[in-house]
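Below is one structure, written out as structure tokens; comments come after it.
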Amino acid sequence: MCLIAQCQRGFQYTGITYPKSFCRLRPYCPIKTANRPSVQISSLSKRSMTKIGFERFIPQIDISDKKSWFWRHGVELPEIFVPLWQLLINENLLEDVSSKGLHDFLGFNGKIFLSMVMPDELLDKLRLKDYFRLVENLGPDATMIPDNYTYVDDPLFLSWSQTVKLVSLANDFLKLDTPLIGLIKGSNPLQVDWAIRRQVEMGYVSFAMPARELLEDNLLDDLLPGAIMSLKWISKRTKTDFELLVYGVGRRLKYGGLSYSNLFWFLEAKQGHYFKGGKLYSFKDPEIRFEECTCEACRGMMPQELIDLMLCDKELGLKTLALHNLLDMNRAFNERKVNGRGL
Amino acid sequence: MGGGSRVKQYERRFFEGEQVRGEREEESFHVLRTFEKYEVRESEGGGYELLKGGEVIGIFSEAKVEEGRIVFTLGKGMSLEILERKAREILAPGKAELCGLIASDGGIYINSEKGVYEVYFDSEDRELAELFINLIGEVYHETARDYIRFEDTGEGKKTYHKPRIYSKKIAYDLADLGIKGPEDFEFHPPLNHLDEEGKRAYLRGFFSGDGNISMTGERVHSIRVYSTYKEGLEEVRQMFIDLGFHPHEIRTDHRKPGWRDLHSFTIPAEDHLKFIEEIGSRKPEHVERLQLIKIIDERKEKD
């Protein structure tokens, strides 16, 4: 239900759109009246950007848990995502990382991307200058623009307010020198499409779509195809190439041409789950339990031997399982099989 | 991070028995109950702490204090039961009833290769299908969908309700309880995770699917529980005994070639009122007959 459309038809809601002088939608109201002109969104800046060049799979790491720092164990992947919220909830860690910068702190030689996807209570605390200070101190190779929250079961004016805020912050972030990753968010296809178009106007070409909760709530298929279609349509008209990364999803989706980033390889290892062919298995599953794996981490071990290893040396067992999951997931996402049409 | 449903996200983040440490240290507590190995204290600001050997091992927002035990609510339809010498995870009544339904006329299908994780229930009764959907919603906060099929049978067209939920989380959670499979028709009640209330709920769910009430003579009824899997049925019968019922021995009916033997036991007439009060059924046909039995038994008592 669009409250502005309702208002145009004569329906108003006390406390939200009534009385008119206190209407909460006035900052966005596109309707011209006798007393005032329609609200025009302030003009957006523009910056020329090039694609970040996402790999098919970019592992997320847990910066507070060194067991997820896979490069220390000989596995080489060119890009990682570091979630900012993990630093925000740990002041000492944030101080330490801010003083050294992400590259020196992690000792990682590839590209480090900063993820701004974070819990709502943290989003509400941060102001623009906080974001700028954090990005400057951490020195990532690219950063997402700040996240927002757009829930399907909120009144639409809330998700629209958040979507406008997202675009406004995307505009402010153009002042940063760091390469930028746009965000695809919205509680319905219209909001998603609007947010994409405004960001493309500003010059964004690389996008990330936080998708974990959408997938859990069976809503991803309502929004992702629309986002892909919007990007394809704009790409066709403007002759610009875009790239899209699905953030927080642990399996390959039916749409082609997407990149993925998640921490599942590590989280599931901590739960004792084993990946094979990009699919998740319980260690107890007889289908995989006695099958040897030839990946760099397992070197011929079968899951049963990993169980035995965990019983002897829990740390070593967990490390081996996490690396196996990472390598398997990377292989699965990089397979050239494309089931559906994508970007 | 916010996307999808705000309500569901809130439930996922805050109602899953998360342990929160840190700032609570300054709050004041009073000891609610001391067990041999555990201590439970209540915070003035709300919430309960479970301690073992003086160390906090869990913080919970809800607790049910009963004689001889305390039950904390966890996520996914589970509760933590603290007894004098031990603690165990038990099924909340809703989840126990769901397990009973699945054991009778449902199942869990996991195919990791194809990425299919399905929990299903088949019934001719819309009420039972709705019950399955409601219980999935209550326990997991997810929505199962009812697929309705019309099939021609010798007795005319019949409507079958086939509610299903496709969720890896739910399929693994239920499969880990070992309630159904791995063989066809095999089922086992999760006895280690059922308290008395849970056992009653499980039996209610199971009886709704695999129970039968029939009139065997004038003003004489038979309450029968049946299954093609004898070991599971024996466990169900044992649960009735644990709850103070006196079920008859299991008898086996050999059916025509190609059909599995049908095993069943009956609840004796002296336990019928106890059955109606404590167990009951969700199947509308059963509910009507149980009401009839109650009326007849009450009249018999008056006579």
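Chain identifiers are assigned as A, B, and so on, following the order in which chains appear in the structure tokens; residues are numbered from 1 within each chain, and ligands are numbered from 1 in order of appearance.
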
Subject >> 9 Å contacts from chain A to chain B using only C-alpha atoms, as a ChimeraX atom specification >> reply: /A:116-120,123,147-154,185-187,210-220,277,279-282

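By only C-alpha atoms, and with residues fewer than 5 positions from Gln291 in chain B along its chain excluded, the set lying at most 12 Å from it is Ile213, His221, His272, Leu273, Phe275, Ile276, Glu277, Gly280, Ser281, Pro284, Glu285, His286, Ile296, Asp297 and Glu298 of chain B.
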
Tell me, which residues of range 42-129 of chain A carry DSSP alpha helix (DSSP H), written as a PDB file with N, CA and C atoms, in the first residue's frame?
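Contents of part22.pdb, as written:
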ATOM      1  N   LEU A  84      32.374  -4.883   8.503  1.00  0.00           N
ATOM      2  CA  LEU A  84      32.707  -3.779   9.403  1.00  0.00           C
ATOM      3  C   LEU A  84      32.107  -3.996  10.798  1.00  0.00           C
ATOM      4  N   TRP A  85      30.920  -4.632  10.842  1.00  0.00           N
ATOM      5  CA  TRP A  85      30.246  -4.734  12.142  1.00  0.00           C
ATOM      6  C   TRP A  85      31.064  -5.533  13.157  1.00  0.00           C
ATOM      7  N   GLN A  86      31.888  -6.476  12.647  1.00  0.00           N
ATOM      8  CA  GLN A  86      32.704  -7.261  13.582  1.00  0.00           C
ATOM      9  C   GLN A  86      33.706  -6.367  14.308  1.00  0.00           C
ATOM     10  N   LEU A  87      34.109  -5.296  13.640  1.00  0.00           N
ATOM     11  CA  LEU A  87      35.039  -4.355  14.281  1.00  0.00           C
ATOM     12  C   LEU A  87      34.289  -3.406  15.210  1.00  0.00           C
ATOM     13  N   LEU A  88      33.083  -3.022  14.802  1.00  0.00           N
ATOM     14  CA  LEU A  88      32.331  -2.043  15.586  1.00  0.00           C
ATOM     15  C   LEU A  88      31.911  -2.580  16.952  1.00  0.00           C
ATOM     16  N   GLU A  91      35.783  -2.828  20.477  1.00  0.00           N
ATOM     17  CA  GLU A  91      36.525  -1.554  20.443  1.00  0.00           C
ATOM     18  C   GLU A  91      38.025  -1.746  20.348  1.00  0.00           C
ATOM     19  N   ASN A  92      38.558  -2.709  21.122  1.00  0.00           N
ATOM     20  CA  ASN A  92      40.015  -2.922  21.121  1.00  0.00           C
ATOM     21  C   ASN A  92      40.482  -3.342  19.737  1.00  0.00           C
ATOM     22  N   LEU A  93      39.700  -4.247  19.138  1.00  0.00           N
ATOM     23  CA  LEU A  93      40.070  -4.739  17.807  1.00  0.00           C
ATOM     24  C   LEU A  93      40.008  -3.593  16.790  1.00  0.00           C
ATOM     25  N   LEU A  94      38.956  -2.780  16.915  1.00  0.00           N
ATOM     26  CA  LEU A  94      38.804  -1.667  15.979  1.00  0.00           C
ATOM     27  C   LEU A  94      39.997  -0.710  16.085  1.00  0.00           C
ATOM     28  N   GLU A  95      40.402  -0.442  17.324  1.00  0.00           N
ATOM     29  CA  GLU A  95      41.539   0.460  17.547  1.00  0.00           C
ATOM     30  C   GLU A  95      42.804  -0.110  16.910  1.00  0.00           C
ATOM     31  N   ASP A  96      42.995  -1.405  17.142  1.00  0.00           N
ATOM     32  CA  ASP A  96      44.181  -2.087  16.620  1.00  0.00           C
ATOM     33  C   ASP A  96      44.201  -2.048  15.086  1.00  0.00           C
ATOM     34  N   VAL A  97      43.047  -2.418  14.483  1.00  0.00           N
ATOM     35  CA  VAL A  97      42.995  -2.477  13.015  1.00  0.00           C
ATOM     36  C   VAL A  97      43.104  -1.073  12.422  1.00  0.00           C
ATOM     37  N   SER A  98      42.458  -0.085  13.083  1.00  0.00           N
ATOM     38  CA  SER A  98      42.484   1.282  12.560  1.00  0.00           C
ATOM     39  C   SER A  98      43.909   1.828  12.554  1.00  0.00           C
ATOM     40  N   SER A  99      44.693   1.458  13.570  1.00  0.00           N
ATOM     41  CA  SER A  99      46.051   1.996  13.630  1.00  0.00           C
ATOM     42  C   SER A  99      46.950   1.392  12.549  1.00  0.00           C
ATOM     43  N   LYS A 100      46.682   0.146  12.159  1.00  0.00           N
ATOM     44  CA  LYS A 100      47.545  -0.522  11.177  1.00  0.00           C
ATOM     45  C   LYS A 100      46.981  -0.515   9.759  1.00  0.00           C
ATOM     46  N   LEU A 102      43.768  -2.397   7.316  1.00  0.00           N
ATOM     47  CA  LEU A 102      43.348  -3.800   7.148  1.00  0.00           C
ATOM     48  C   LEU A 102      44.463  -4.676   6.575  1.00  0.00           C
ATOM     49  N   HIS A 103      45.176  -4.166   5.571  1.00  0.00           N
ATOM     50  CA  HIS A 103      46.184  -4.991   4.907  1.00  0.00           C
ATOM     51  C   HIS A 103      47.289  -5.414   5.879  1.00  0.00           C
ATOM     52  N   ASP A 104      47.809  -4.454   6.636  1.00  0.00           N
ATOM     53  CA  ASP A 104      48.894  -4.782   7.557  1.00  0.00           C
ATOM     54  C   ASP A 104      48.399  -5.658   8.692  1.00  0.00           C
ATOM     55  N   PHE A 105      47.180  -5.374   9.158  1.00  0.00           N
ATOM     56  CA  PHE A 105      46.667  -6.147  10.285  1.00  0.00           C
ATOM     57  C   PHE A 105      46.459  -7.610   9.897  1.00  0.00           C
ATOM     58  N   LEU A 106      45.880  -7.802   8.712  1.00  0.00           N
ATOM     59  CA  LEU A 106      45.565  -9.182   8.301  1.00  0.00           C
ATOM     60  C   LEU A 106      46.757  -9.874   7.643  1.00  0.00           C
ATOM     61  N   ASP A 120      20.841  -3.609  12.367  1.00  0.00           N
ATOM     62  CA  ASP A 120      20.164  -2.307  12.326  1.00  0.00           C
ATOM     63  C   ASP A 120      20.613  -1.365  13.445  1.00  0.00           C
ATOM     64  N   GLU A 121      20.814  -1.934  14.645  1.00  0.00           N
ATOM     65  CA  GLU A 121      21.144  -1.061  15.780  1.00  0.00           C
ATOM     66  C   GLU A 121      22.495  -0.375  15.584  1.00  0.00           C
ATOM     67  N   LEU A 122      23.392  -1.012  14.812  1.00  0.00           N
ATOM     68  CA  LEU A 122      24.677  -0.374  14.526  1.00  0.00           C
ATOM     69  C   LEU A 122      24.510   0.687  13.438  1.00  0.00           C
ATOM     70  N   LEU A 123      23.654   0.381  12.459  1.00  0.00           N
ATOM     71  CA  LEU A 123      23.423   1.338  11.364  1.00  0.00           C
ATOM     72  C   LEU A 123      22.921   2.669  11.890  1.00  0.00           C
ATOM     73  N   LEU A 128      27.608  10.074   8.805  1.00  0.00           N
ATOM     74  CA  LEU A 128      28.439  10.084   7.596  1.00  0.00           C
ATOM     75  C   LEU A 128      29.933  10.228   7.927  1.00  0.00           C
ATOM     76  N   LYS A 129      30.213  11.155   8.872  1.00  0.00           N
ATOM     77  CA  LYS A 129      31.643  11.386   9.169  1.00  0.00           C
ATOM     78  C   LYS A 129      32.265  10.142   9.825  1.00  0.00           C
TER      79      LYS A 129
END

**OP:** Skip Leu131 in chain B itself and residues of its chain fewer than 2 positions away, then list as a ChimeraX atom specification all residues within 10 Å of it, counting only C-alpha atoms.
**Re:** /B:97-98,101,125-129,133-137,163,205,282-283

**OP:** Skip range 306-320 of chain A itself and residues of its chain fewer than 4 positions away, then list as an MDAnalysis selection string all residues within 10 Å of it, counting only C-alpha atoms.
**Re:** chainID A and resid 67:70 73 266 269:272 274 283:284 289 296:298 301:302 324:326

Subject >> Contacts of Ser235 in chain A within 12 Å, only C-alpha atoms, excl. fewer than 4 positions in-chain, as a PyMOL selection string >> reply: chain A and resi 196-197+200-201+204-205+228-231+239-243+343

**OP:** Pull the strand (DSSP E or B) assignments for range 206-282 of chain A out of DSSP run on the backbone, and list those residues as a list in words.
**Re:** Ser206, Phe207, Ala208, Met209, Pro210, Glu243, Leu244, Leu245, Val246, Tyr247, Ser259, Tyr260, Ser261, Asn262, His273, Tyr274, Phe275, Lys276, Lys279, Leu280, Tyr281 and Ser282 of chain A
